[in-house]
Each structure stands twice: as structure tokens, then as C-alpha cells.
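Novice: My file is upload08.csv. It has CSV, C-alpha atoms:
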```
chain,number,residue,atom,x,y,z
A,1,MET,CA,0.0,0.0,0.0
A,2,ASP,CA,1.3,3.4,-0.9
A,3,LYS,CA,2.1,5.8,1.9
A,4,THR,CA,0.1,9.0,2.0
A,5,TRP,CA,2.2,12.1,2.0
A,6,ASN,CA,0.5,15.1,3.6
A,7,ASN,CA,2.9,18.1,3.7
A,8,LYS,CA,0.2,20.3,5.3
A,9,ALA,CA,1.0,18.6,8.6
A,10,TRP,CA,4.2,20.6,8.6
A,11,PHE,CA,2.1,23.7,9.5
A,12,MET,CA,1.5,22.0,12.9
A,13,VAL,CA,5.2,22.5,13.8
A,14,LEU,CA,5.1,26.2,13.0
A,15,PRO,CA,4.6,27.3,16.6
A,16,VAL,CA,7.6,25.3,17.7
A,17,LEU,CA,9.6,26.7,14.8
A,18,LEU,CA,8.8,30.3,15.9
A,19,LEU,CA,9.7,29.5,19.5
A,20,VAL,CA,13.0,28.0,18.5
A,21,ALA,CA,13.6,30.9,16.2
A,22,PHE,CA,13.3,33.4,19.0
A,23,SER,CA,15.1,31.3,21.7
A,24,ALA,CA,17.9,29.7,19.6
A,25,VAL,CA,18.2,30.8,16.0
A,26,ILE,CA,18.2,34.6,16.5
A,27,PRO,CA,20.7,34.4,19.4
A,28,LEU,CA,22.9,32.0,17.3
A,29,MET,CA,22.8,34.5,14.3
A,30,THR,CA,23.9,37.2,16.7
A,31,VAL,CA,26.8,35.1,18.0
A,32,VAL,CA,27.9,34.5,14.4
A,33,ASN,CA,27.8,38.2,13.7
A,34,TYR,CA,29.8,38.9,16.9
A,35,SER,CA,32.4,36.2,15.9
A,36,VAL,CA,33.6,38.2,12.9
A,37,GLN,CA,33.8,41.5,14.6
A,38,ASP,CA,35.5,43.3,17.5
A,39,THR,CA,33.8,45.6,20.0
A,40,PHE,CA,34.8,47.8,22.8
A,41,GLY,CA,31.2,48.5,24.0
A,42,ASN,CA,28.7,51.2,23.1
A,43,ASN,CA,27.3,48.9,20.4
A,44,GLN,CA,30.2,49.8,18.0
A,45,PHE,CA,31.6,46.9,16.0
A,46,PHE,CA,34.7,46.6,13.8
A,47,TRP,CA,35.1,44.0,11.1
A,48,ALA,CA,37.7,41.3,12.1
A,49,GLY,CA,36.9,38.6,9.5
A,50,THR,CA,38.1,35.1,10.5
A,51,GLU,CA,40.7,36.5,12.9
A,52,TRP,CA,39.0,35.2,16.1
A,53,TYR,CA,38.4,31.8,14.6
A,54,ALA,CA,42.1,31.5,13.7
A,55,GLU,CA,43.1,32.7,17.2
A,56,MET,CA,40.8,30.1,18.8
A,57,LEU,CA,42.0,27.3,16.5
A,58,HIS,CA,45.6,28.0,17.6
A,59,SER,CA,44.8,28.7,21.2
A,60,GLU,CA,46.4,26.3,23.7
A,61,ARG,CA,43.9,27.5,26.3
A,62,PHE,CA,41.0,26.4,24.1
A,63,HIS,CA,42.7,23.1,23.2
A,64,ALA,CA,43.3,22.3,26.9
A,65,ALA,CA,39.7,23.2,27.9
A,66,LEU,CA,38.3,21.1,25.0
A,67,LEU,CA,40.4,18.1,26.0
A,68,ARG,CA,39.4,18.4,29.6
A,69,ASN,CA,35.8,18.6,28.5
A,70,LEU,CA,36.0,15.5,26.2
A,71,PHE,CA,37.8,13.6,29.0
A,72,PHE,CA,35.1,14.6,31.5
A,73,SER,CA,32.2,13.6,29.2
A,74,PHE,CA,33.9,10.3,28.4
A,75,ILE,CA,34.3,9.5,32.1
A,76,ILE,CA,30.8,10.6,32.9
A,77,LEU,CA,29.3,8.4,30.2
A,78,ALA,CA,31.5,5.5,31.1
A,79,ILE,CA,30.2,5.6,34.7
A,80,GLU,CA,26.7,6.9,34.5
A,81,VAL,CA,25.3,4.7,31.7
A,82,PRO,CA,26.4,1.2,33.1
A,83,LEU,CA,25.6,2.3,36.7
A,84,GLY,CA,22.2,3.6,35.6
A,85,ILE,CA,21.4,0.3,33.8
A,86,LEU,CA,22.6,-1.7,36.8
A,87,ILE,CA,20.4,0.3,39.2
A,88,ALA,CA,17.4,0.2,36.8
A,89,LEU,CA,17.8,-3.6,36.5
A,90,ASN,CA,17.7,-4.0,40.3
A,91,MET,CA,14.7,-1.7,41.0
A,92,PRO,CA,11.5,-3.4,41.9
A,93,ARG,CA,8.8,-3.8,39.3
A,94,LYS,CA,5.8,-4.3,41.6
A,95,GLY,CA,4.7,-3.3,45.1
A,96,TRP,CA,5.4,-0.4,47.5
A,97,GLY,CA,9.1,-0.3,46.5
A,98,VAL,CA,8.3,1.2,43.1
A,99,PRO,CA,7.1,4.6,44.2
A,100,VAL,CA,9.7,4.8,46.9
A,101,CYS,CA,12.5,4.1,44.4
A,102,LEU,CA,11.1,6.4,41.8
A,103,VAL,CA,10.8,9.3,44.3
A,104,LEU,CA,14.4,8.7,45.6
A,105,MET,CA,15.7,8.6,42.1
A,106,SER,CA,13.9,11.8,41.1
A,107,LEU,CA,15.2,13.8,44.1
A,108,PRO,CA,18.7,14.7,42.7
A,109,LEU,CA,17.1,15.8,39.4
A,110,LEU,CA,14.8,18.3,41.2
A,111,ILE,CA,17.7,20.1,42.8
A,112,PRO,CA,18.9,23.2,40.9
A,113,TRP,CA,22.5,23.1,39.6
A,114,ASN,CA,23.9,25.8,41.7
A,115,VAL,CA,22.4,24.2,44.9
A,116,VAL,CA,24.0,20.9,43.9
A,117,GLY,CA,27.3,22.8,43.6
A,118,THR,CA,26.9,24.4,46.9
A,119,ILE,CA,25.9,21.1,48.6
A,120,TRP,CA,29.1,19.4,47.3
A,121,GLN,CA,31.3,22.5,48.0
A,122,VAL,CA,30.3,22.3,51.7
A,123,PHE,CA,30.2,18.5,51.8
A,124,GLY,CA,33.8,18.3,50.6
A,125,ARG,CA,35.3,21.0,52.8
A,126,VAL,CA,38.0,19.6,55.1
A,127,ASP,CA,37.0,22.0,58.0
A,128,ILE,CA,33.2,21.6,58.1
A,129,GLY,CA,32.1,19.2,55.4
A,130,LEU,CA,31.1,15.6,56.2
A,131,LEU,CA,33.0,14.1,53.3
A,132,GLY,CA,36.1,16.2,53.8
A,133,ARG,CA,36.2,15.7,57.6
A,134,THR,CA,35.6,11.9,57.3
A,135,LEU,CA,38.3,11.4,54.7
A,136,SER,CA,40.6,13.6,56.8
A,137,MET,CA,39.9,11.5,59.9
A,138,LEU,CA,40.7,8.3,57.9
A,139,GLY,CA,44.1,9.7,57.2
A,140,ILE,CA,43.4,10.6,53.5
A,141,ASN,CA,44.9,14.0,52.7
A,142,TYR,CA,41.8,15.1,50.7
A,143,ASN,CA,41.6,18.7,49.5
A,144,TYR,CA,39.8,19.6,46.4
A,145,VAL,CA,40.8,23.3,46.6
A,146,GLN,CA,44.5,22.5,46.2
A,147,ASN,CA,44.8,19.1,44.6
A,148,PRO,CA,43.7,18.9,40.9
A,149,LEU,CA,43.0,15.1,41.1
A,150,HIS,CA,40.8,15.6,44.2
A,151,ALA,CA,39.0,18.4,42.4
A,152,TRP,CA,38.3,16.2,39.4
A,153,VAL,CA,37.1,13.3,41.6
A,154,THR,CA,34.8,15.6,43.4
A,155,VAL,CA,33.3,17.1,40.2
A,156,ILE,CA,32.9,13.6,38.7
A,157,VAL,CA,31.3,12.1,41.8
A,158,MET,CA,29.0,15.1,42.1
A,159,ASP,CA,27.9,14.7,38.5
A,160,VAL,CA,27.3,11.0,39.0
A,161,TRP,CA,25.3,11.7,42.1
A,162,HIS,CA,23.2,14.4,40.3
A,163,TRP,CA,22.6,12.7,36.9
A,164,THR,CA,22.8,8.9,37.2
A,165,SER,CA,19.1,9.1,38.2
A,166,LEU,CA,18.2,10.4,34.8
A,167,VAL,CA,19.7,7.3,33.1
A,168,VAL,CA,18.1,5.1,35.8
A,169,LEU,CA,14.6,6.5,35.2
A,170,LEU,CA,14.9,6.3,31.4
A,171,CYS,CA,16.2,2.7,31.5
A,172,TYR,CA,13.5,1.8,34.0
A,173,ALA,CA,10.8,3.1,31.6
A,174,GLY,CA,12.3,0.9,28.9
A,175,LEU,CA,12.4,-2.1,31.2
A,176,VAL,CA,8.8,-1.9,32.5
A,177,SER,CA,7.6,-1.8,28.9
A,178,ILE,CA,8.9,-5.3,28.2
A,179,PRO,CA,5.9,-7.8,28.3
A,180,ASP,CA,6.1,-10.7,30.7
A,181,ALA,CA,5.8,-13.1,27.7
A,182,PHE,CA,9.4,-12.3,26.7
A,183,TYR,CA,10.7,-13.4,30.2
A,184,GLN,CA,8.5,-16.5,30.2
A,185,ALA,CA,9.8,-17.5,26.7
A,186,ALA,CA,13.4,-17.0,28.0
A,187,LYS,CA,12.7,-19.1,31.1
A,188,ILE,CA,11.3,-22.0,28.9
A,189,ASP,CA,14.4,-21.8,26.8
A,190,GLY,CA,16.6,-21.9,29.9
A,191,ALA,CA,18.3,-18.6,29.1
A,192,SER,CA,20.9,-17.3,31.5
A,193,ARG,CA,20.6,-14.0,33.3
A,194,TRP,CA,23.2,-12.5,31.0
A,195,ALA,CA,21.3,-13.9,27.9
A,196,VAL,CA,18.1,-12.3,29.1
A,197,PHE,CA,19.9,-9.0,29.6
A,198,ARG,CA,21.7,-9.2,26.2
A,199,TYR,CA,18.9,-10.3,24.0
A,200,ILE,CA,15.7,-9.0,25.7
A,201,GLN,CA,16.4,-6.2,28.1
A,202,LEU,CA,19.2,-4.3,26.3
A,203,PRO,CA,17.5,-4.2,22.9
A,204,LYS,CA,14.3,-3.0,24.5
A,205,MET,CA,16.3,-0.3,26.3
A,206,ASN,CA,18.1,0.8,23.2
A,207,ARG,CA,15.9,3.7,22.3
A,208,VAL,CA,15.8,5.2,25.8
A,209,LEU,CA,19.6,4.6,26.1
A,210,LEU,CA,20.0,6.6,23.0
A,211,ILE,CA,18.2,9.5,24.6
A,212,ALA,CA,20.1,9.0,27.9
A,213,VAL,CA,23.5,9.0,26.1
A,214,LEU,CA,22.7,12.0,24.0
A,215,LEU,CA,21.3,14.0,26.9
A,216,ARG,CA,24.2,13.1,29.2
A,217,PHE,CA,26.8,13.8,26.6
A,218,MET,CA,25.4,17.2,25.6
A,219,ASP,CA,24.8,18.1,29.3
A,220,SER,CA,28.3,17.0,30.4
A,221,PHE,CA,29.9,18.8,27.5
A,222,MET,CA,28.1,22.0,28.4
A,223,ILE,CA,28.6,21.6,32.2
A,224,TYR,CA,29.1,25.0,33.9
A,225,THR,CA,27.3,25.7,37.2
A,226,GLU,CA,28.3,22.8,39.4
A,227,PRO,CA,32.1,22.8,38.8
A,228,PHE,CA,32.0,26.6,38.8
A,229,VAL,CA,30.4,26.7,42.3
A,230,VAL,CA,32.6,23.9,43.7
A,231,THR,CA,36.1,24.6,42.2
A,232,GLY,CA,35.7,27.8,40.2
A,233,GLY,CA,37.6,26.1,37.5
A,234,GLY,CA,40.6,25.4,39.7
A,235,PRO,CA,43.0,24.6,41.2
A,236,GLY,CA,44.8,26.5,38.5
A,237,ASN,CA,42.8,25.7,35.3
A,238,SER,CA,42.4,22.0,36.1
A,239,THR,CA,38.6,21.9,36.1
A,240,THR,CA,38.1,24.8,33.7
A,241,PHE,CA,35.8,23.3,31.1
A,242,LEU,CA,34.8,24.9,27.9
A,243,SER,CA,31.7,26.7,29.2
A,244,ILE,CA,33.6,28.1,32.2
A,245,ASP,CA,36.4,29.3,29.9
A,246,LEU,CA,33.8,30.8,27.6
A,247,VAL,CA,32.1,32.8,30.4
A,248,LYS,CA,35.5,34.0,31.7
A,249,MET,CA,36.3,35.2,28.2
A,250,ALA,CA,32.9,36.8,27.4
A,251,VAL,CA,31.9,38.2,30.7
A,252,GLY,CA,35.2,38.4,32.7
A,253,GLN,CA,37.4,39.8,29.9
A,254,PHE,CA,34.6,41.2,27.7
A,255,ASP,CA,36.3,39.6,24.6
A,256,LEU,CA,33.0,39.1,22.8
A,257,GLY,CA,34.6,38.4,19.4
A,258,PRO,CA,36.9,35.5,20.5
A,259,ALA,CA,34.1,34.2,22.9
A,260,ALA,CA,31.6,34.2,20.0
A,261,ALA,CA,34.1,32.3,17.7
A,262,MET,CA,34.7,29.8,20.5
A,263,SER,CA,31.0,29.4,20.9
A,264,ILE,CA,30.5,28.6,17.3
A,265,ILE,CA,33.4,26.0,17.3
A,266,TYR,CA,32.0,24.6,20.5
A,267,PHE,CA,28.5,24.4,19.0
A,268,LEU,CA,29.8,22.6,15.8
A,269,ILE,CA,31.7,20.0,17.9
A,270,ILE,CA,28.5,19.3,20.0
A,271,LEU,CA,26.4,19.1,16.8
A,272,ALA,CA,28.9,16.7,15.1
A,273,LEU,CA,29.4,14.4,18.1
A,274,SER,CA,25.6,14.3,18.8
A,275,TRP,CA,24.9,13.5,15.2
A,276,VAL,CA,27.5,10.6,15.3
A,277,PHE,CA,26.0,9.3,18.5
A,278,TYR,CA,22.5,9.5,17.1
A,279,THR,CA,23.3,8.0,13.8
A,280,VAL,CA,25.3,5.1,15.2
A,281,MET,CA,22.7,4.2,17.8
A,282,THR,CA,19.6,4.5,15.6
A,283,ASN,CA,21.3,2.5,12.8
A,284,TYR,CA,22.4,-0.1,15.2
A,285,ASP,CA,18.7,-0.3,16.4
A,286,ALA,CA,17.5,-0.5,12.7
A,287,GLU,CA,19.9,-3.3,11.9
A,288,ARG,CA,18.5,-5.3,14.8
B,1,MET,CA,12.6,47.8,14.8
B,2,ASN,CA,16.2,48.5,15.9
B,3,LEU,CA,18.4,45.5,15.2
B,4,SER,CA,21.7,47.1,15.8
B,5,TRP,CA,22.3,44.9,18.9
B,6,MET,CA,22.5,41.9,16.4
B,7,ALA,CA,25.6,43.6,14.8
B,8,TRP,CA,24.7,42.6,11.3
B,9,THR,CA,27.3,42.7,8.5
B,10,TRP,CA,26.8,42.1,4.8
B,11,PRO,CA,29.0,38.9,4.7
B,12,THR,CA,27.1,37.3,7.6
B,13,ALA,CA,23.7,38.5,6.1
B,14,ILE,CA,24.7,36.8,2.8
B,15,PHE,CA,25.8,33.7,4.6
B,16,PHE,CA,22.4,33.4,6.4
B,17,MET,CA,20.5,34.2,3.2
B,18,THR,CA,22.3,31.4,1.5
B,19,ILE,CA,21.3,29.0,4.3
B,20,LEU,CA,17.7,30.2,4.0
B,21,ALA,CA,17.7,29.9,0.2
B,22,LEU,CA,19.0,26.3,0.6
B,23,LEU,CA,16.2,25.5,3.1
B,24,VAL,CA,13.6,27.0,0.9
B,25,GLY,CA,15.0,25.2,-2.1
B,26,MET,CA,14.9,21.9,-0.1
B,27,ALA,CA,11.2,22.6,0.8
B,28,VAL,CA,10.3,23.2,-2.8
B,29,TRP,CA,12.2,20.1,-3.8
B,30,GLU,CA,10.3,18.1,-1.2
B,31,TYR,CA,7.0,19.6,-2.4
B,32,PHE,CA,7.5,18.4,-5.9
B,33,SER,CA,9.2,15.1,-4.9
B,34,PRO,CA,7.9,14.1,-1.5
B,35,GLY,CA,9.4,11.4,0.7
B,36,GLY,CA,13.0,12.8,0.9
B,37,ASN,CA,14.4,10.3,-1.6
B,38,PRO,CA,15.8,7.8,1.1
B,39,ARG,CA,18.6,5.6,0.0
B,40,VAL,CA,21.6,3.7,1.3
B,41,GLY,CA,24.9,5.1,0.2
B,42,VAL,CA,28.6,4.7,1.0
B,43,LEU,CA,27.9,5.2,4.7
B,44,ARG,CA,25.9,2.0,4.6
B,45,PHE,CA,22.8,3.5,6.3
B,46,GLU,CA,19.7,5.2,5.0
B,47,THR,CA,19.8,8.9,4.4
B,48,THR,CA,17.2,11.3,3.1
B,49,ARG,CA,18.1,14.5,1.1
B,50,GLY,CA,17.6,16.5,4.4
B,51,ASP,CA,20.3,14.3,6.0
B,52,ARG,CA,22.6,14.8,3.1
B,53,LEU,CA,22.2,18.6,3.3
B,54,PHE,CA,22.9,18.5,7.1
B,55,VAL,CA,26.0,16.4,6.5
B,56,SER,CA,27.1,18.7,3.7
B,57,LEU,CA,26.7,21.9,5.8
B,58,LEU,CA,28.3,20.4,8.9
B,59,GLY,CA,31.2,18.9,6.9
B,60,SER,CA,31.7,22.2,5.1
B,61,ALA,CA,32.0,24.1,8.4
B,62,PHE,CA,34.7,21.7,9.5
B,63,ILE,CA,36.5,21.9,6.1
B,64,ASN,CA,36.6,25.7,6.5
B,65,LEU,CA,37.8,25.5,10.1
B,66,ALA,CA,40.5,23.0,9.1
B,67,TRP,CA,41.6,25.2,6.2
B,68,LEU,CA,41.7,28.2,8.5
B,69,GLY,CA,43.7,26.3,11.1
B,70,LEU,CA,46.1,24.5,8.8
B,71,VAL,CA,46.5,26.6,5.7
B,72,GLY,CA,45.5,30.3,6.3
B,73,PRO,CA,42.7,32.9,6.2
B,74,ASN,CA,42.0,32.8,2.5
B,75,LEU,CA,39.0,30.5,2.4
B,76,TRP,CA,38.0,30.6,-1.3
B,77,TRP,CA,39.7,27.2,-1.9
B,78,ALA,CA,38.0,25.9,1.2
B,79,LEU,CA,34.7,27.0,-0.1
B,80,ALA,CA,35.4,25.3,-3.5
B,81,LEU,CA,36.4,22.1,-1.6
B,82,SER,CA,33.2,22.3,0.4
B,83,VAL,CA,31.1,22.6,-2.8
B,84,VAL,CA,32.9,19.5,-4.2
B,85,TYR,CA,32.3,17.7,-0.9
B,86,ALA,CA,28.6,18.6,-0.9
B,87,ILE,CA,28.2,17.4,-4.5
B,88,GLY,CA,29.9,14.1,-3.4
B,89,VAL,CA,27.6,13.8,-0.4
B,90,PHE,CA,24.5,14.3,-2.5
B,91,ARG,CA,25.8,11.9,-5.1
B,92,TYR,CA,27.2,9.0,-3.1
B,93,VAL,CA,25.9,9.2,0.6
```
Any chance you could give the structure as C-alpha cells?

Specialist:
Amino acid sequence: MDKTWNNKAWFMVLPVLLLVAFSAVIPLMTVVNYSVQDTFGNNQFFWAGTEWYAEMLHSERFHAALLRNLFFSFIILAIEVPLGILIALNMPRKGWGVPVCLVLMSLPLLIPWNVVGTIWQVFGRVDIGLLGRTLSMLGINYNYVQNPLHAWVTVIVMDVWHWTSLVVLLCYAGLVSIPDAFYQAAKIDGASRWAVFRYIQLPKMNRVLLIAVLLRFMDSFMIYTEPFVVTGGGPGNSTTFLSIDLVKMAVGQFDLGPAAAMSIIYFLIILALSWVFYTVMTNYDAER
Amino acid sequence: MNLSWMAWTWPTAIFFMTILALLVGMAVWEYFSPGGNPRVGVLRFETTRGDRLFVSLLGSAFINLAWLGLVGPNLWWALALSVVYAIGVFRYV
């Protein structure tokens, strides 16, 4: 049977298109305009061409922040996705435990980013924080203010605490949608726990995992508030991720041209990596 | 309406008008040939002509950035390379 094509349905997306135009497209156009000019304020702009892009492409500061961010996103995904799946697999499917687990899992997601940062900033302090004091009493010389490794561990653990729940809830939604008949068939066939996970649960979670990986990648690649509140990008520049560097450049130094060029490069990297993730995962799904 | 805060310049205006013209062109193409012409090309997965435009534009941006970073600020050759790349994408992807 021939599929009916009705292009009039596109008018239904017109409101969203207008909303996106005002919230994203117009600001993005402005950033592009800024990226090829220089300004000293007073709404006066001077043509700079591709100068800021060239400066950014050769900037060691930008390369370092980009590498830090890629490394951070890689660690975050490597921890949060398997951990989220593991927790979702062990959550109850029936009874009073379901709402309890769902509420507990939702709690970190309801806390604003800056509050999460403040909680962990205080939590990790050696003088008054529970974590800092406990580690100190155990003889571990923990100090995220002075030690880059400790700062990294704190920021990673904080992100895992804040966002693993999102992966858990998405995976759980995928898991509860699997009909019991699948498990019964697996039981009759004598499938092992691993085989049930590999051939029933994982394929059924594939779509939600795609959303989880995409959201977590984009979010972790744009991370700003939590590390800014906890470490301020330090010690030194050890936790200065791209967005922190960008704000320092745009707001702190008022270098709008280079900051705009950096934003565009940053945007293109996110777009390319998200497209790769999306394409690989949707095609893997289609092949199955 | 005062749009001076957007800091428009002629080169960026032409750039965005080109993107808009491409999108309008794609919409007209879709109107006369609906369905997006899906096919499996060298990437071994199905792409529509909208996907091919996206890959062309994104790839062109990276070609221009790479040229700027590795060769220099004269981007006319990078633009020519981007056009060749886009034709290749629409032909083989």
C-alpha cells in the first residue's frame, strides 16, 4: 500500500519553529555576527573577519579546555550509563518499593544546579564538610581546593550523584515496557541472566539509552554551574571546562569576538558528536 | 525595529540568506518530490536528502575551520572544496 504524504502537517510544527527561532536561531545568528567583529562596547563593531576563529584554533587554552571537557564527558558516560542500567535492573517492578525508588531517584534531578554545587562544595570541605572531615579522619589528605586530582574526583562524583538518576529513570521506563511473555519464553528456553539482559532487556532499552547517552553527553559537554560553584575552574585551570572558559572570556574579559568564535566552534563540535551518537545508535537499532 | 544589537554585517547576512535559500530550495524540492528520496549510500545506512544537506553543511563548516587552522585565512579554496564535498555527499551518501 502506498504511503500517503501530507505536507500540510508541517504547519503543525510552525509554533515550535517560531519558539526555536526566538530562543535559539536569532541568538545564534547574533553570535555568528559577533564572531567576525570586534567591539569595545557602546554597540560599536569593527570588522575582524576570520581572525578570532584563527586565534581560537591555535589557542592552547582552548585546546586544553576542549580536551578536559572531552575527557570529562567520556568518564561521565562510562560511569553513569552502566551504573544507571545496573540500578534500573535491580529496581522493583511491583509493590510499594516502586514509588519509593522512583521518588528517591527523582530527588537529585529536582535540585537546581547551583544548589548541587553548593551542597558538594560544603560536603567536601575539610574543616566543616562531612566528606572532607571523614576522609581527613581516615588519614586521607583530601583537599579539592589545592589538589587537581581531588577536584576532578569531586566534580565527577557530584555529576554521577546528580545525573545517574536520569539514566536510571529512562532505563527503568524501557524495562517496564517489556511484556512478561518475553521473560516466560526466555525461562522456557533456559536462558541465563546474561542472555536475558543481552537479547531481551538491552535491545528494548536501546531507544531510551540513545536519549540518555545523548542528553548526558550534551549536558556534560556543556557543564558549567556545578564545577564553577565547587572549584571555580581550579585549582589553576584543572577543572576549567569549555563553558567556564567561555564565560571567563565573554563576561570576565569582555572579549566578545573570540568568545563568539569559541561558541561557534563549541556548537559545531557538539552538533557533530551528537549526530554521530544519534546515527550510530539509531542505525544499530534499525539493523537489529 | 532597531536590530543594531545583532551587529549585522553584509558577509554574515549573505551567509544566512544562502542557508535560508538552501532550506527554501529543499522545501520546494520536497513539495515536488515528496518522501525525501531515502537511499543507502557509502555510509551503509539510510539517508534522506535532508540528512545529506545536514552532512554537507556540517562537513563544510569543518572543512573551512580545518583550512583556516592548517592553511590560512584565504577561504576561497576551502569554499570550493566544500562545494565538491557537498556534491559528493548528495551523489554518493

Novice: Within 10 Å of chain B, which residues of chain A show up when using only C-alpha atoms, listed as a ChimeraX atom specification?

Specialist: /A:3-7,26-37,39,42-47,49-51,53-58,265,268-269,271-272,275,279-280,282-284,286-287

Novice: Could you name the residues that touch Gly234 (chain A) at 10 Å or less, counting only C-alpha atoms, but leaving out those on the same chain fewer than 4 positions away, as a VMD selection string?

Specialist: chain A and resid 144 to 148 151 to 152 227 to 228 230 238 to 240

Novice: Can those selected residues be exported to a file as a short mmCIF file (atom, residue, chain, number, x, y, z; two decimals), in the coordinates of the input so that it contains C-alpha atoms?

Specialist:
```cif
data_model
loop_
_atom_site.label_atom_id
_atom_site.label_comp_id
_atom_site.auth_asym_id
_atom_site.auth_seq_id
_atom_site.Cartn_x
_atom_site.Cartn_y
_atom_site.Cartn_z
CA TYR A 144 39.80 19.60 46.40
CA VAL A 145 40.80 23.30 46.60
CA GLN A 146 44.50 22.50 46.20
CA ASN A 147 44.80 19.10 44.60
CA PRO A 148 43.70 18.90 40.90
CA ALA A 151 39.00 18.40 42.40
CA TRP A 152 38.30 16.20 39.40
CA PRO A 227 32.10 22.80 38.80
CA PHE A 228 32.00 26.60 38.80
CA VAL A 230 32.60 23.90 43.70
CA SER A 238 42.40 22.00 36.10
CA THR A 239 38.60 21.90 36.10
CA THR A 240 38.10 24.80 33.70
#
```

Novice: For CA of Arg39 (chain B) and CA of Val93 (chain B), determine how far apart the two atoms are, in Å to one decimal place.

Specialist: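 Pair CA of Arg39 (chain B) / CA of Val93 (chain B) returns 8.2 Å.
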
Novice: Might you pull out every residue within 8 Å of region 47-49 of chain B, with all atoms listed in the file counted and same-chain residues fewer than 6 positions away left off, and present them as an MDAnalysis selection string?

Specialist: chainID B and resid 36:41 90 93

Novice: Hey, can you check how far CA of Met12 (chain A) sits from CA of Leu20 (chain B)?

Specialist: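 Result for CA of Met12 (chain A) versus CA of Leu20 (chain B): 20.2 Å, one decimal.
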
Novice: To one decimal place in Å, what is the distance between CA of Gly174 (chain A) and CA of Asp51 (chain B)?

Specialist: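 Computed distance, CA of Gly174 (chain A) to CA of Asp51 (chain B), equals 27.7 Å.
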
Novice: Could you check which of A:Leu273, A:Leu110, A:Leu166, A:Tyr224 is closest to Asp245 (chain A), using all atoms listed in the file?

Specialist: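 Among the listed residues, A:Tyr224 lies closest to Asp245 (chain A).
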
Novice: Between A:Asn143, A:Gly252, A:Asp180, A:Asn206, which is the closest to Leu131 (chain A) once you count all atoms listed in the file?

Specialist: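 Once distances to Leu131 (chain A) are computed over all atoms listed in the file, the minimum belongs to A:Asn143.
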
Novice: Can you tell me which residues surround Leu246 (chain A) at a distance of at most 8 Å, considering all atoms listed in the file, apart from same-chain residues fewer than 5 positions away, and format the answer as an MDAnalysis selection string?

Specialist: chainID A and resid 259 262:263

Novice: If we count only C-alpha atoms and set the cut-off at 7 Å, which residues sit around region 82-88 of chain B, ignoring sequence neighbours fewer than 4 positions away in its own chain? Please answer as a VMD selection string.

Specialist: chain B and resid 56 60 63 78 92

Novice: Mind dumping the selected residues with C-alpha atoms as a compact mmCIF listing (two decimals), keeping the file's coordinate frame?

Specialist:
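Output file result.txt is given in full below:
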```txt
# COMPACT_ATOMS: atom_id res chain seq x y z
CA SER B 56 27.10 18.70 3.70
CA SER B 60 31.70 22.20 5.10
CA ILE B 63 36.50 21.90 6.10
CA ALA B 78 38.00 25.90 1.20
CA TYR B 92 27.20 9.00 -3.10
```

Novice: Do you know which residues are at most 7 Å from Asn114 (chain A) counting only C-alpha atoms, after dropping those on the same chain fewer than 4 positions away, and could you put them as a ChimeraX atom specification?

Specialist: /A:118,225-226,229

Novice: So, counting all atoms listed in the file, which residue among B:Ser33, B:Met17, B:Leu43, B:Leu3 is closest to Val89 (chain B)?

Specialist: B:Leu43

Novice: Can you fill out region 6-18 of chain B with N, CA, C and O atoms and hand it back as a PDB file, in the frame of the given file?

Specialist:
```
ATOM      1  N   MET B   6      22.126  43.201  17.090  1.00  0.00           N
ATOM      2  CA  MET B   6      22.500  41.900  16.400  1.00  0.00           C
ATOM      3  C   MET B   6      23.800  42.084  15.632  1.00  0.00           C
ATOM      4  O   MET B   6      24.346  41.079  15.162  1.00  0.00           O
ATOM      5  N   ALA B   7      24.277  43.324  15.496  1.00  0.00           N
ATOM      6  CA  ALA B   7      25.600  43.600  14.800  1.00  0.00           C
ATOM      7  C   ALA B   7      25.675  42.961  13.459  1.00  0.00           C
ATOM      8  O   ALA B   7      26.662  42.284  13.147  1.00  0.00           O
ATOM      9  N   TRP B   8      24.673  43.204  12.613  1.00  0.00           N
ATOM     10  CA  TRP B   8      24.700  42.600  11.300  1.00  0.00           C
ATOM     11  C   TRP B   8      25.789  43.163  10.401  1.00  0.00           C
ATOM     12  O   TRP B   8      26.113  44.346  10.474  1.00  0.00           O
ATOM     13  N   THR B   9      26.337  42.288   9.577  1.00  0.00           N
ATOM     14  CA  THR B   9      27.300  42.700   8.500  1.00  0.00           C
ATOM     15  C   THR B   9      26.823  42.121   7.230  1.00  0.00           C
ATOM     16  O   THR B   9      26.085  41.116   7.245  1.00  0.00           O
ATOM     17  N   TRP B  10      27.263  42.688   6.105  1.00  0.00           N
ATOM     18  CA  TRP B  10      26.800  42.100   4.800  1.00  0.00           C
ATOM     19  C   TRP B  10      27.311  40.678   4.628  1.00  0.00           C
ATOM     20  O   TRP B  10      26.520  39.818   4.205  1.00  0.00           O
ATOM     21  N   PRO B  11      28.578  40.346   4.930  1.00  0.00           N
ATOM     22  CA  PRO B  11      29.000  38.900   4.700  1.00  0.00           C
ATOM     23  C   PRO B  11      28.172  37.940   5.530  1.00  0.00           C
ATOM     24  O   PRO B  11      27.793  36.894   5.006  1.00  0.00           O
ATOM     25  N   THR B  12      27.867  38.284   6.810  1.00  0.00           N
ATOM     26  CA  THR B  12      27.100  37.300   7.600  1.00  0.00           C
ATOM     27  C   THR B  12      25.632  37.275   7.111  1.00  0.00           C
ATOM     28  O   THR B  12      25.009  36.213   7.126  1.00  0.00           O
ATOM     29  N   ALA B  13      25.111  38.442   6.648  1.00  0.00           N
ATOM     30  CA  ALA B  13      23.700  38.500   6.100  1.00  0.00           C
ATOM     31  C   ALA B  13      23.666  37.574   4.862  1.00  0.00           C
ATOM     32  O   ALA B  13      22.722  36.781   4.700  1.00  0.00           O
ATOM     33  N   ILE B  14      24.673  37.676   3.995  1.00  0.00           N
ATOM     34  CA  ILE B  14      24.700  36.800   2.800  1.00  0.00           C
ATOM     35  C   ILE B  14      24.800  35.367   3.156  1.00  0.00           C
ATOM     36  O   ILE B  14      24.128  34.514   2.574  1.00  0.00           O
ATOM     37  N   PHE B  15      25.620  35.089   4.168  1.00  0.00           N
ATOM     38  CA  PHE B  15      25.800  33.700   4.600  1.00  0.00           C
ATOM     39  C   PHE B  15      24.425  33.123   5.079  1.00  0.00           C
ATOM     40  O   PHE B  15      24.031  32.032   4.657  1.00  0.00           O
ATOM     41  N   PHE B  16      23.695  33.891   5.911  1.00  0.00           N
ATOM     42  CA  PHE B  16      22.400  33.400   6.400  1.00  0.00           C
ATOM     43  C   PHE B  16      21.349  33.338   5.302  1.00  0.00           C
ATOM     44  O   PHE B  16      20.502  32.446   5.299  1.00  0.00           O
ATOM     45  N   MET B  17      21.423  34.289   4.362  1.00  0.00           N
ATOM     46  CA  MET B  17      20.500  34.200   3.200  1.00  0.00           C
ATOM     47  C   MET B  17      20.721  33.019   2.367  1.00  0.00           C
ATOM     48  O   MET B  17      19.778  32.423   1.846  1.00  0.00           O
ATOM     49  N   THR B  18      21.991  32.642   2.249  1.00  0.00           N
ATOM     50  CA  THR B  18      22.300  31.400   1.500  1.00  0.00           C
ATOM     51  C   THR B  18      21.731  30.197   2.166  1.00  0.00           C
ATOM     52  O   THR B  18      21.138  29.327   1.511  1.00  0.00           O
TER      53      THR B  18
END
```
